[in-house]
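A.B. asks: Contents are mmCIF, N, CA and C atoms; file name my_file13.cif:
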data_model
loop_
_atom_site.label_atom_id
_atom_site.label_comp_id
_atom_site.auth_asym_id
_atom_site.auth_seq_id
_atom_site.Cartn_x
_atom_site.Cartn_y
_atom_site.Cartn_z
N MET A 1235 -39.78 75.51 25.17
CA MET A 1235 -39.25 76.66 24.64
C MET A 1235 -39.96 77.88 25.23
N SER A 1236 -41.07 77.71 25.42
CA SER A 1236 -41.82 78.77 26.01
C SER A 1236 -41.33 79.06 27.41
N GLU A 1237 -40.89 78.03 28.10
CA GLU A 1237 -40.35 78.28 29.44
C GLU A 1237 -39.05 79.03 29.33
N LYS A 1238 -38.24 78.61 28.37
CA LYS A 1238 -36.97 79.27 28.19
C LYS A 1238 -37.26 80.71 27.78
N PHE A 1239 -38.20 80.84 26.89
CA PHE A 1239 -38.56 82.16 26.44
C PHE A 1239 -39.07 82.99 27.61
N GLN A 1240 -39.83 82.36 28.46
CA GLN A 1240 -40.38 83.03 29.65
C GLN A 1240 -39.23 83.40 30.58
N GLU A 1241 -38.27 82.52 30.73
CA GLU A 1241 -37.14 82.77 31.61
C GLU A 1241 -36.31 83.92 31.06
N ASP A 1242 -36.06 83.86 29.76
CA ASP A 1242 -35.29 84.93 29.14
C ASP A 1242 -36.05 86.26 29.28
N HIS A 1243 -37.34 86.09 29.10
CA HIS A 1243 -38.17 87.27 29.22
C HIS A 1243 -38.11 87.82 30.64
N ASP A 1244 -38.21 86.97 31.62
CA ASP A 1244 -38.16 87.40 33.03
C ASP A 1244 -36.79 87.97 33.37
N LYS A 1245 -35.77 87.30 32.85
CA LYS A 1245 -34.41 87.74 33.11
C LYS A 1245 -34.21 89.13 32.50
N LEU A 1246 -34.64 89.26 31.26
CA LEU A 1246 -34.51 90.52 30.57
C LEU A 1246 -35.32 91.60 31.30
N LYS A 1247 -36.48 91.17 31.75
CA LYS A 1247 -37.33 92.09 32.48
C LYS A 1247 -36.65 92.53 33.77
N ASP A 1248 -36.04 91.58 34.47
CA ASP A 1248 -35.34 91.91 35.71
C ASP A 1248 -34.14 92.82 35.43
N GLU A 1249 -33.43 92.48 34.36
CA GLU A 1249 -32.28 93.30 34.00
C GLU A 1249 -32.74 94.73 33.67
N LEU A 1250 -33.78 94.83 32.86
CA LEU A 1250 -34.29 96.14 32.47
C LEU A 1250 -34.83 96.90 33.69
N ASN A 1251 -35.51 96.16 34.58
CA ASN A 1251 -35.99 96.80 35.81
C ASN A 1251 -34.82 97.29 36.65
N GLY A 1252 -33.75 96.50 36.71
CA GLY A 1252 -32.55 96.90 37.45
C GLY A 1252 -31.92 98.14 36.83
N GLN A 1253 -31.82 98.08 35.49
CA GLN A 1253 -31.27 99.25 34.80
C GLN A 1253 -32.14 100.48 35.03
N MET A 1254 -33.45 100.25 34.95
CA MET A 1254 -34.37 101.37 35.18
C MET A 1254 -34.20 101.92 36.58
N THR A 1255 -34.05 101.02 37.54
CA THR A 1255 -33.88 101.47 38.93
C THR A 1255 -32.57 102.24 39.06
N ARG A 1256 -31.49 101.69 38.44
CA ARG A 1256 -30.21 102.39 38.50
C ARG A 1256 -30.29 103.74 37.79
N LEU A 1257 -30.92 103.74 36.60
CA LEU A 1257 -31.07 104.99 35.86
C LEU A 1257 -31.90 105.99 36.66
N ARG A 1258 -32.98 105.48 37.26
CA ARG A 1258 -33.82 106.35 38.08
C ARG A 1258 -33.00 106.93 39.23
N ALA A 1259 -32.20 106.08 39.87
CA ALA A 1259 -31.37 106.52 40.99
C ALA A 1259 -30.34 107.54 40.49
N ASP A 1260 -29.72 107.24 39.32
CA ASP A 1260 -28.73 108.17 38.76
C ASP A 1260 -29.38 109.52 38.45
N TYR A 1261 -30.53 109.42 37.77
CA TYR A 1261 -31.21 110.66 37.41
C TYR A 1261 -31.74 111.40 38.64
N ASP A 1262 -32.18 110.66 39.64
CA ASP A 1262 -32.60 111.31 40.89
C ASP A 1262 -31.43 112.07 41.51
N GLU A 1263 -30.22 111.43 41.48
CA GLU A 1263 -29.03 112.10 42.01
C GLU A 1263 -28.71 113.34 41.18
N LYS A 1264 -28.79 113.17 39.83
CA LYS A 1264 -28.51 114.32 38.96
C LYS A 1264 -29.53 115.43 39.19
N ILE A 1265 -30.82 115.02 39.30
CA ILE A 1265 -31.86 116.03 39.56
C ILE A 1265 -31.59 116.73 40.88
N GLU A 1266 -31.24 115.94 41.90
CA GLU A 1266 -30.94 116.54 43.21
C GLU A 1266 -29.74 117.46 43.10
N ASP A 1267 -28.72 117.01 42.34
CA ASP A 1267 -27.53 117.85 42.14
C ASP A 1267 -27.91 119.15 41.41
N TYR A 1268 -28.71 119.02 40.33
CA TYR A 1268 -29.16 120.20 39.59
C TYR A 1268 -30.00 121.12 40.47
N GLU A 1269 -30.87 120.53 41.29
CA GLU A 1269 -31.68 121.35 42.18
C GLU A 1269 -30.81 122.09 43.19
N GLN A 1270 -29.78 121.39 43.72
CA GLN A 1270 -28.86 122.05 44.65
C GLN A 1270 -28.10 123.18 43.96
N ARG A 1271 -27.64 122.90 42.72
CA ARG A 1271 -26.93 123.93 41.96
C ARG A 1271 -27.87 125.13 41.69
N LEU A 1272 -29.10 124.80 41.28
CA LEU A 1272 -30.07 125.84 41.01
C LEU A 1272 -30.35 126.67 42.26
N GLU A 1273 -30.55 125.98 43.41
CA GLU A 1273 -30.76 126.69 44.67
C GLU A 1273 -29.57 127.57 45.00
N LYS A 1274 -28.35 127.04 44.77
CA LYS A 1274 -27.14 127.81 45.05
C LYS A 1274 -27.07 129.03 44.11
N LEU A 1275 -27.36 128.79 42.82
CA LEU A 1275 -27.35 129.91 41.87
C LEU A 1275 -28.40 130.96 42.23
N ILE A 1276 -29.59 130.51 42.59
CA ILE A 1276 -30.64 131.45 42.99
C ILE A 1276 -30.22 132.21 44.25
N ALA A 1277 -29.64 131.46 45.22
CA ALA A 1277 -29.18 132.11 46.45
C ALA A 1277 -28.09 133.12 46.13
N ASP A 1278 -27.14 132.73 45.23
CA ASP A 1278 -26.08 133.67 44.83
C ASP A 1278 -26.67 134.89 44.12
N LYS A 1279 -27.66 134.61 43.25
CA LYS A 1279 -28.29 135.71 42.52
C LYS A 1279 -29.01 136.65 43.49
N VAL A 1280 -29.76 136.09 44.44
CA VAL A 1280 -30.46 136.91 45.43
C VAL A 1280 -29.45 137.69 46.26
N GLU A 1281 -28.36 137.02 46.65
CA GLU A 1281 -27.33 137.70 47.44
C GLU A 1281 -26.70 138.83 46.63
N LYS A 1282 -26.42 138.54 45.34
CA LYS A 1282 -25.84 139.56 44.48
C LYS A 1282 -26.82 140.73 44.30
N MET A 1283 -28.11 140.40 44.14
CA MET A 1283 -29.12 141.46 44.02
C MET A 1283 -29.19 142.29 45.29
N LEU A 1284 -29.10 141.64 46.44
CA LEU A 1284 -29.13 142.37 47.71
C LEU A 1284 -27.90 143.27 47.84
N VAL A 1285 -26.74 142.74 47.41
CA VAL A 1285 -25.51 143.54 47.46
C VAL A 1285 -25.65 144.75 46.53
N LEU A 1286 -26.16 144.49 45.31
CA LEU A 1286 -26.37 145.59 44.37
C LEU A 1286 -27.37 146.60 44.91
N ARG A 1287 -28.43 146.08 45.52
CA ARG A 1287 -29.43 146.97 46.11
C ARG A 1287 -28.80 147.83 47.20
N GLU A 1288 -27.99 147.21 48.04
CA GLU A 1288 -27.31 147.94 49.11
C GLU A 1288 -26.39 149.01 48.51
N GLU A 1289 -25.65 148.63 47.44
CA GLU A 1289 -24.76 149.59 46.79
C GLU A 1289 -25.55 150.76 46.22
N VAL A 1290 -26.67 150.44 45.57
CA VAL A 1290 -27.51 151.49 44.99
C VAL A 1290 -28.06 152.39 46.09
N GLU A 1291 -28.52 151.79 47.19
CA GLU A 1291 -29.05 152.59 48.30
C GLU A 1291 -27.97 153.49 48.89
N VAL A 1292 -26.76 152.94 49.04
CA VAL A 1292 -25.65 153.74 49.58
C VAL A 1292 -25.31 154.87 48.61
N GLU A 1293 -25.24 154.54 47.31
CA GLU A 1293 -24.93 155.57 46.32
C GLU A 1293 -26.03 156.63 46.29
N TYR A 1294 -27.27 156.18 46.38
CA TYR A 1294 -28.41 157.12 46.40
C TYR A 1294 -28.31 158.02 47.63
N ALA A 1295 -28.02 157.42 48.77
CA ALA A 1295 -27.90 158.21 50.00
C ALA A 1295 -26.75 159.21 49.88
N ASP A 1296 -25.63 158.78 49.29
CA ASP A 1296 -24.50 159.68 49.10
C ASP A 1296 -24.87 160.84 48.17
N LYS A 1297 -25.55 160.51 47.06
CA LYS A 1297 -25.96 161.55 46.12
C LYS A 1297 -26.93 162.52 46.80
N MET A 1298 -27.85 161.98 47.58
CA MET A 1298 -28.80 162.85 48.29
C MET A 1298 -28.07 163.74 49.28
N ASP A 1299 -27.08 163.19 49.98
CA ASP A 1299 -26.29 164.02 50.90
C ASP A 1299 -25.56 165.12 50.13
N GLU A 1300 -24.98 164.76 48.97
CA GLU A 1300 -24.30 165.76 48.16
C GLU A 1300 -25.27 166.85 47.72
N LEU A 1301 -26.46 166.42 47.26
CA LEU A 1301 -27.46 167.40 46.83
C LEU A 1301 -27.89 168.29 48.00
N ARG A 1302 -28.12 167.66 49.17
CA ARG A 1302 -28.52 168.44 50.34
C ARG A 1302 -27.44 169.46 50.69
N ASP A 1303 -26.17 168.99 50.66
CA ASP A 1303 -25.06 169.91 50.96
C ASP A 1303 -24.98 171.02 49.92
N MET A 1304 -25.16 170.63 48.65
CA MET A 1304 -25.11 171.62 47.58
C MET A 1304 -26.22 172.65 47.75
N TYR A 1305 -27.45 172.18 48.01
CA TYR A 1305 -28.56 173.12 48.20
C TYR A 1305 -28.38 173.95 49.46
N ARG A 1306 -27.85 173.34 50.52
CA ARG A 1306 -27.60 174.08 51.76
C ARG A 1306 -26.57 175.18 51.50
N ASP A 1307 -25.48 174.82 50.77
CA ASP A 1307 -24.47 175.82 50.45
C ASP A 1307 -25.06 176.94 49.61
N GLU A 1308 -25.87 176.57 48.62
CA GLU A 1308 -26.50 177.57 47.76
C GLU A 1308 -27.42 178.48 48.58
N MET A 1309 -28.19 177.87 49.48
CA MET A 1309 -29.08 178.67 50.33
C MET A 1309 -28.26 179.60 51.23
N ASN A 1310 -27.17 179.07 51.79
CA ASN A 1310 -26.31 179.91 52.63
C ASN A 1310 -25.73 181.06 51.82
N ASN A 1311 -25.31 180.76 50.57
CA ASN A 1311 -24.79 181.83 49.71
C ASN A 1311 -25.87 182.87 49.43
N GLN A 1312 -27.08 182.40 49.13
CA GLN A 1312 -28.18 183.32 48.86
C GLN A 1312 -28.50 184.16 50.09
N VAL A 1313 -28.51 183.52 51.25
CA VAL A 1313 -28.78 184.26 52.49
C VAL A 1313 -27.68 185.30 52.72
N GLY A 1314 -26.41 184.90 52.49
CA GLY A 1314 -25.29 185.83 52.65
C GLY A 1314 -25.41 187.00 51.70
N LEU A 1315 -25.72 186.70 50.43
CA LEU A 1315 -25.87 187.78 49.45
C LEU A 1315 -27.03 188.69 49.82
N THR A 1316 -28.13 188.08 50.28
CA THR A 1316 -29.29 188.87 50.68
C THR A 1316 -28.95 189.76 51.88
N GLU A 1317 -28.22 189.20 52.83
CA GLU A 1317 -27.84 190.01 54.00
C GLU A 1317 -26.91 191.16 53.60
N LYS A 1318 -25.97 190.87 52.67
CA LYS A 1318 -25.08 191.94 52.20
C LYS A 1318 -25.88 193.01 51.47
N GLU A 1319 -26.82 192.56 50.63
CA GLU A 1319 -27.66 193.50 49.89
C GLU A 1319 -28.51 194.32 50.86
N LYS A 1320 -29.04 193.65 51.89
CA LYS A 1320 -29.86 194.34 52.88
C LYS A 1320 -29.02 195.38 53.62
N SER A 1321 -27.81 194.98 54.00
CA SER A 1321 -26.91 195.90 54.70
C SER A 1321 -26.58 197.10 53.81
N LYS A 1322 -26.31 196.81 52.53
CA LYS A 1322 -26.00 197.88 51.58
C LYS A 1322 -27.19 198.83 51.44
N MET A 1323 -28.38 198.25 51.31
CA MET A 1323 -29.59 199.07 51.18
C MET A 1323 -29.85 199.87 52.46
N GLN A 1324 -29.56 199.25 53.61
CA GLN A 1324 -29.74 199.94 54.89
C GLN A 1324 -28.79 201.15 54.95
N SER A 1325 -27.54 200.93 54.52
CA SER A 1325 -26.57 202.04 54.50
C SER A 1325 -27.03 203.14 53.56
N LEU A 1326 -27.51 202.71 52.38
CA LEU A 1326 -28.00 203.69 51.42
C LEU A 1326 -29.19 204.47 51.99
N GLU A 1327 -30.11 203.76 52.63
CA GLU A 1327 -31.27 204.42 53.24
C GLU A 1327 -30.82 205.41 54.32
N ASN A 1328 -29.88 204.97 55.18
CA ASN A 1328 -29.38 205.86 56.22
C ASN A 1328 -28.72 207.10 55.62
N SER A 1329 -27.95 206.87 54.56
CA SER A 1329 -27.28 207.99 53.90
C SER A 1329 -28.30 208.95 53.30
N LEU A 1330 -29.31 208.40 52.64
CA LEU A 1330 -30.35 209.24 52.05
C LEU A 1330 -31.14 209.99 53.12
N GLN A 1331 -31.42 209.31 54.24
CA GLN A 1331 -32.13 209.99 55.33
C GLN A 1331 -31.29 211.13 55.90
N GLU A 1332 -29.99 210.89 56.04
CA GLU A 1332 -29.10 211.93 56.55
C GLU A 1332 -29.04 213.09 55.56
N SER A 1333 -28.95 212.75 54.28
CA SER A 1333 -28.93 213.78 53.23
C SER A 1333 -30.24 214.57 53.25
N LEU A 1334 -31.37 213.87 53.41
CA LEU A 1334 -32.67 214.53 53.47
C LEU A 1334 -32.74 215.48 54.68
N ARG A 1335 -32.24 215.00 55.83
CA ARG A 1335 -32.23 215.87 57.03
C ARG A 1335 -31.39 217.12 56.77
N THR A 1336 -30.24 216.93 56.14
CA THR A 1336 -29.35 218.06 55.86
C THR A 1336 -30.03 219.04 54.91
N LYS A 1337 -30.64 218.49 53.85
CA LYS A 1337 -31.32 219.36 52.88
C LYS A 1337 -32.50 220.08 53.52
N ARG A 1338 -33.24 219.42 54.38
CA ARG A 1338 -34.36 220.07 55.08
C ARG A 1338 -33.85 221.19 55.97
N HIS A 1339 -32.74 220.91 56.66
CA HIS A 1339 -32.15 221.93 57.53
C HIS A 1339 -31.70 223.13 56.68
N GLU A 1340 -31.06 222.84 55.54
CA GLU A 1340 -30.62 223.92 54.66
C GLU A 1340 -31.84 224.69 54.14
N TYR A 1341 -32.89 223.98 53.78
CA TYR A 1341 -34.12 224.63 53.30
C TYR A 1341 -34.71 225.52 54.39
N ASP A 1342 -34.76 224.98 55.63
CA ASP A 1342 -35.30 225.79 56.73
C ASP A 1342 -34.47 227.05 56.94
N ASP A 1343 -33.13 226.92 56.86
CA ASP A 1343 -32.25 228.10 57.02
C ASP A 1343 -32.51 229.11 55.90
N ILE A 1344 -32.58 228.62 54.67
CA ILE A 1344 -32.80 229.52 53.53
C ILE A 1344 -34.18 230.17 53.64
N LYS A 1345 -35.20 229.39 54.03
CA LYS A 1345 -36.56 229.94 54.18
C LYS A 1345 -36.56 231.01 55.26
N MET A 1346 -35.87 230.75 56.37
CA MET A 1346 -35.81 231.73 57.44
C MET A 1346 -35.12 233.01 56.96
N LYS A 1347 -34.01 232.86 56.21
CA LYS A 1347 -33.30 234.03 55.68
C LYS A 1347 -34.18 234.77 54.67
N TYR A 1348 -34.91 233.99 53.86
CA TYR A 1348 -35.81 234.60 52.89
C TYR A 1348 -36.91 235.40 53.60
N ASP A 1349 -37.51 234.76 54.62
CA ASP A 1349 -38.56 235.47 55.38
C ASP A 1349 -38.01 236.73 56.03
N GLU A 1350 -36.78 236.63 56.57
CA GLU A 1350 -36.16 237.82 57.18
C GLU A 1350 -35.90 238.89 56.12
N ALA A 1351 -35.43 238.46 54.95
CA ALA A 1351 -35.15 239.43 53.88
C ALA A 1351 -36.45 240.09 53.42
N ILE A 1352 -37.52 239.30 53.25
CA ILE A 1352 -38.82 239.85 52.85
C ILE A 1352 -39.28 240.86 53.90
N SER A 1353 -39.10 240.51 55.17
CA SER A 1353 -39.50 241.41 56.26
C SER A 1353 -38.69 242.71 56.19
N LYS A 1354 -37.39 242.58 55.95
CA LYS A 1354 -36.54 243.77 55.86
C LYS A 1354 -36.93 244.61 54.65
N VAL A 1355 -37.20 243.95 53.51
CA VAL A 1355 -37.59 244.66 52.30
C VAL A 1355 -38.91 245.41 52.56
N ASP A 1356 -39.87 244.71 53.21
CA ASP A 1356 -41.14 245.37 53.54
C ASP A 1356 -40.91 246.57 54.45
N ASP A 1357 -40.05 246.38 55.46
CA ASP A 1357 -39.76 247.46 56.39
C ASP A 1357 -39.09 248.63 55.67
N LEU A 1358 -38.10 248.30 54.80
CA LEU A 1358 -37.40 249.36 54.06
C LEU A 1358 -38.36 250.05 53.10
N GLU A 1359 -39.26 249.28 52.45
CA GLU A 1359 -40.24 249.85 51.53
C GLU A 1359 -41.18 250.79 52.30
N ARG A 1360 -41.62 250.37 53.51
CA ARG A 1360 -42.49 251.19 54.33
C ARG A 1360 -41.76 252.48 54.73
N ARG A 1361 -40.51 252.30 55.18
CA ARG A 1361 -39.74 253.48 55.60
C ARG A 1361 -39.50 254.43 54.43
N LEU A 1362 -39.21 253.81 53.22
CA LEU A 1362 -38.99 254.63 52.04
C LEU A 1362 -40.27 255.40 51.68
N ASN A 1363 -41.40 254.71 51.76
CA ASN A 1363 -42.68 255.37 51.47
C ASN A 1363 -42.93 256.51 52.47
N ASN A 1364 -42.65 256.21 53.76
CA ASN A 1364 -42.84 257.24 54.79
C ASN A 1364 -41.93 258.45 54.53
N GLN A 1365 -40.67 258.15 54.19
CA GLN A 1365 -39.73 259.25 53.94
C GLN A 1365 -40.12 260.01 52.68
N THR A 1366 -40.60 259.25 51.66
CA THR A 1366 -41.03 259.90 50.42
C THR A 1366 -42.22 260.81 50.72
N GLU A 1367 -43.17 260.31 51.49
CA GLU A 1367 -44.32 261.13 51.87
C GLU A 1367 -43.86 262.37 52.66
N GLU A 1368 -42.90 262.13 53.56
CA GLU A 1368 -42.39 263.25 54.38
C GLU A 1368 -41.71 264.28 53.49
N VAL A 1369 -40.91 263.78 52.49
CA VAL A 1369 -40.23 264.70 51.57
C VAL A 1369 -41.27 265.47 50.77
N ILE A 1370 -42.32 264.78 50.29
CA ILE A 1370 -43.36 265.44 49.51
C ILE A 1370 -44.08 266.45 50.38
N ARG A 1371 -44.40 266.08 51.63
CA ARG A 1371 -45.08 267.00 52.54
C ARG A 1371 -44.20 268.22 52.84
N LEU A 1372 -42.90 267.91 53.12
CA LEU A 1372 -42.00 269.04 53.43
C LEU A 1372 -41.81 269.94 52.20
N THR A 1373 -41.72 269.32 51.02
CA THR A 1373 -41.55 270.10 49.79
C THR A 1373 -42.79 270.95 49.57
N ALA A 1374 -43.94 270.36 49.78
CA ALA A 1374 -45.19 271.12 49.62
C ALA A 1374 -45.24 272.23 50.64
N GLU A 1375 -44.85 271.98 51.87
CA GLU A 1375 -44.86 272.99 52.92
C GLU A 1375 -43.87 274.11 52.61
N LEU A 1376 -42.70 273.70 52.09
CA LEU A 1376 -41.68 274.67 51.73
C LEU A 1376 -42.18 275.56 50.58
N GLU A 1377 -42.85 274.96 49.62
CA GLU A 1377 -43.39 275.73 48.49
C GLU A 1377 -44.48 276.68 49.00
N ASN A 1378 -45.28 276.21 49.94
CA ASN A 1378 -46.31 277.07 50.51
C ASN A 1378 -45.66 278.24 51.24
N CYS A 1379 -44.58 277.96 51.95
CA CYS A 1379 -43.88 279.02 52.67
C CYS A 1379 -43.24 280.00 51.71
N GLU A 1380 -42.66 279.56 50.63
CA GLU A 1380 -42.02 280.42 49.65
C GLU A 1380 -43.07 281.30 48.98
N TYR A 1381 -44.24 280.70 48.65
CA TYR A 1381 -45.31 281.49 48.00
C TYR A 1381 -45.85 282.50 49.00
N ALA A 1382 -45.91 282.08 50.27
CA ALA A 1382 -46.43 282.98 51.28
C ALA A 1382 -45.45 284.12 51.51
N ASP A 1383 -44.17 283.87 51.49
CA ASP A 1383 -43.14 284.88 51.68
C ASP A 1383 -43.08 285.78 50.43
N ALA A 1384 -43.30 285.26 49.34
CA ALA A 1384 -43.21 285.99 48.07
C ALA A 1384 -44.42 286.91 47.94
N GLU A 1385 -45.41 286.73 48.56
CA GLU A 1385 -46.58 287.57 48.45
C GLU A 1385 -46.43 288.71 49.37
#
Show me, as structure tokens, the structure contained in the file I just sent.

C.D. replies:
Amino acid sequence: MSEKFQEDHDKLKDELNGQMTRLRADYDEKIEDYEQRLEKLIADKVEKMLVLREEVEVEYADKMDELRDMYRDEMNNQVGLTEKEKSKMQSLENSLQESLRTKRHEYDDIKMKYDEAISKVDDLERRLNNQTEEVIRLTAELENCEYADAE
């Protein structure tokens, strides 16, 4: 009985070893399949991440180009406004300088006329004083002559 038991035991052992080998082979295949799937998923994920990264970089580059264009346009507008303002101020300065030249010329003319008038007034005052003195002298001489004739 022990031999039969040993045989059954060996047979069972062989069967179990066979099953274990088959199970091991099945699970090795499943593990290999899962590893391949995992590698494929990881590869897909990495590829998707690279695609997303590329999209983000392209979008970032586009946004930066838009910002650069926007700032360039704003700078060009500011430069244009500054140039217009400068031109306007230049015109105003030229106008004020021309006005100043005109006013100085008018002042010089008025000053010259004033100086001439003062000179004429002084001359007329001198002549009037001379004539007044002459009238007083002649009147005094005439009175002296009348008193001399009356005596």

A.B. asks: Distance CA of Glu1367 (chain A)-CA of Ile1352 (chain A), one decimal place?

C.D. replies: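 So the two atoms, CA of Glu1367 (chain A) and CA of Ile1352 (chain A), lie 22.0 Å apart.
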
A.B. asks: Could you tell me how far atom N of Tyr1305 (chain A) lies from CA of Gln1324 (chain A), in Å and to one decimal?

C.D. replies: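 Atom-to-atom, atom N of Tyr1305 (chain A) and CA of Gln1324 (chain A) are spaced 28.7 Å apart.
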
A.B. asks: Separation of atom C of Ala1277 (chain A) and CA of Asp1260 (chain A), in Å?

C.D. replies: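 Distance between the two atoms: 26.0 Å.
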